[in-house]
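Novice: My questions will all concern the structure given below.
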Amino acid sequence: MSNVKAEAEKENAIIPPVDVVEDSKGIVLYADFPGVPKEKLDIHVEGETLTLEGEMGLVMPEGMEAIHVDIDLPRYRRVFTLSSELDSGKISAEFSHGVLKLFIPKAEHAQPRKISVQVS
Amino acid sequence: MGYRNLFPREIFAELERIQRDMDRNIGRSPSIRGPSKGYPAMNVGTTSGSVEIYAFVPGLEPSSLDVQIEKGMLSISGERNADAVPEGTTVHISERFSGKFRRLVSLPEDIDSGKASASYRDGLLHVSVPRREAVLPRRIEVH
């Protein structure tokens with residue numbers, strides 16, 4: 001039962017808005033994680049799946065009563081599928097004022113090259 | 001007390017997520033001004049001694065935020081500039097807010113605007129406005 005609950009809680013997360021741009025060197029991803037301290041940001045790659053997660057580090061005053069709520073979950077999550085020409089081992093990240101900037105370089109082998117076709 | 005208990009409205013978040021997914025997939029925008037929710041997203045709460053306002057405004061310099069209280073309204077405004085897209089770059093996804101923003105919050109009458117304070121951390125603006133002491137609940141002794 002607790003597993004079911006944990007799984008359900010895992011489902012409930014804010015989807016952070018992102019910008020993704022690409023050039024010949026790789027992909028740059030920007031994502032908004034307002035309220036997330038650096039130590040509670042978690043970026044991981046498993047196979048071709050890139051997961052971005054963040055927990056808010058809010059400390060609310062004792063006994064506060066909510067009167068207007070836009071953000072009602074304390075965490076963010078978003079998952080992307082990478083493609084094989086991206087070098088997931090060389091991802092670099094910067095995080096400042098709640099904005100994540102991720103650089104995913106293209107692998108050497110993904111650089112443009114000529115393929116010779118042999119006819120037997 | 002955890003965050004969940006303060007804002008236990010996950011069902012609304014879920015519905016909003018579904019709505020957002022639908023909007024994204026269908027590409028429709030029901031309002032002429034775009035998505036109904038303003039930018040930045042805000043949470044407002046009250047305690048017996050203060051009004052607490054949280055605005056989710058990532059990626060700004062604290063000095064560029066304009067926070068004012070006038071006639072019982074708190075206004076939060078600023079501008080977020082989009083990063084320049086260099087030549088030879090393809091934009092695949094563009095969801096993050098850019099441009100000027102302004103949002104207003106109506107405050108209770110008993111606030112002491114002169115004692116308001118604001119801080120900006122991790123892209124979250126927190127404004128705390130104390131309420132005047134005279135209106136705090138007070139126990140009257142019976143002799």
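As shown in the structure tokens, the chain order sets the letters A, B, ...; within each chain, residues go from 1, and ligands are also counted from 1 in the order they appear.
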Using only C-alpha atoms, tabulate the residues of chain A lying at most 6 Å from any atom of chain B, each with its closest atom pair and that distance in Å to one decimal, by chain and increasing residue number, as JSON lines.
Specialist:
{"residue": "A:Pro17", "atom": "CA", "partner": "B:Arg96", "partner_atom": "CA", "distance": 5.3}
{"residue": "A:Val18", "atom": "CA", "partner": "B:Glu95", "partner_atom": "CA", "distance": 5.4}
{"residue": "A:Asp19", "atom": "CA", "partner": "B:Ser94", "partner_atom": "CA", "distance": 4.4}
{"residue": "A:Val20", "atom": "CA", "partner": "B:Ile93", "partner_atom": "CA", "distance": 4.8}
{"residue": "A:Val21", "atom": "CA", "partner": "B:Val91", "partner_atom": "CA", "distance": 4.4}
{"residue": "A:Glu22", "atom": "CA", "partner": "B:Thr90", "partner_atom": "CA", "distance": 5.1}
{"residue": "A:Asp23", "atom": "CA", "partner": "B:Thr89", "partner_atom": "CA", "distance": 4.6}
{"residue": "A:Pro34", "atom": "CA", "partner": "B:Gly123", "partner_atom": "CA", "distance": 4.6}
{"residue": "A:Gly35", "atom": "CA", "partner": "B:Leu124", "partner_atom": "CA", "distance": 5.0}
{"residue": "A:Val36", "atom": "CA", "partner": "B:Asp122", "partner_atom": "CA", "distance": 5.9}
{"residue": "A:Pro37", "atom": "CA", "partner": "B:Asp122", "partner_atom": "CA", "distance": 5.8}
{"residue": "A:Met64", "atom": "CA", "partner": "B:Thr47", "partner_atom": "CA", "distance": 4.7}
{"residue": "A:Glu65", "atom": "CA", "partner": "B:Gly45", "partner_atom": "CA", "distance": 5.2}
{"residue": "A:Ala66", "atom": "CA", "partner": "B:Gly45", "partner_atom": "CA", "distance": 4.1}
{"residue": "A:Ile67", "atom": "CA", "partner": "B:Gly45", "partner_atom": "CA", "distance": 5.2}
{"residue": "A:His68", "atom": "CA", "partner": "B:Val44", "partner_atom": "CA", "distance": 4.9}
{"residue": "A:Val69", "atom": "CA", "partner": "B:Asn43", "partner_atom": "CA", "distance": 4.6}
{"residue": "A:Asp70", "atom": "CA", "partner": "B:Met42", "partner_atom": "CA", "distance": 5.5}
{"residue": "A:Asp72", "atom": "CA", "partner": "B:Phe7", "partner_atom": "CA", "distance": 5.3}
{"residue": "A:His97", "atom": "CA", "partner": "B:Asp122", "partner_atom": "CA", "distance": 4.3}
{"residue": "A:Gly98", "atom": "CA", "partner": "B:Gly123", "partner_atom": "CA", "distance": 4.5}
{"residue": "A:Val99", "atom": "CA", "partner": "B:Gly59", "partner_atom": "CA", "distance": 5.5}
Novice: Skip Ile43 (chain A) itself and residues of its chain fewer than 3 positions away, then list as a VMD selection string all residues within 9 Å of it, counting only C-alpha atoms.
Specialist: chain A and resid 50 to 54 93
Novice: Which distance in Å separates CA of Gly72 (chain B) and CA of Val59 (chain A), to one decimal?
Specialist: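 The value is 25.7 Å.
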Novice: So what do you get for CA of Ala116 (chain B) versus CA of Ile140 (chain B), distance-wise?
Specialist: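 Result for CA of Ala116 (chain B) versus CA of Ile140 (chain B): 28.5 Å, one decimal.
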Novice: From the options B:Pro137, B:Asp110, B:Ser98, B:Val129, which residue's atoms come nearest to Leu74 (chain B), counting only C-alpha atoms?
Specialist: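 The shortest atom-to-atom distance to Leu74 (chain B) comes from B:Val129.
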Novice: Can you pull out every residue within 6 Å of Ala107 (chain A), counting only C-alpha atoms, but drop anything in the same chain fewer than 2 positions away, and send it as a PyMOL selection string?
Specialist: chain A and resi 85-87+109-110
Novice: Mind checking DSSP for region 61-102 of chain B and telling me the strand (DSSP E or B) residues as a list in words?
Specialist: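 These are the residues in question: Asp66, Val67, Gln68, Ile69, Glu70, Met73, Leu74, Ser75, Ile76, Ser77, Gly78, Glu79, Arg80, Thr90, Val91, His92, Ile93, Ser94, Gly99, Lys100, Phe101 and Arg102 of chain B.
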Novice: For Asp112 (chain B), which residue among B:Glu141, B:Asp66, B:Glu133, B:Glu79 is the nearest when counting only C-alpha atoms?
Specialist: B:Glu133
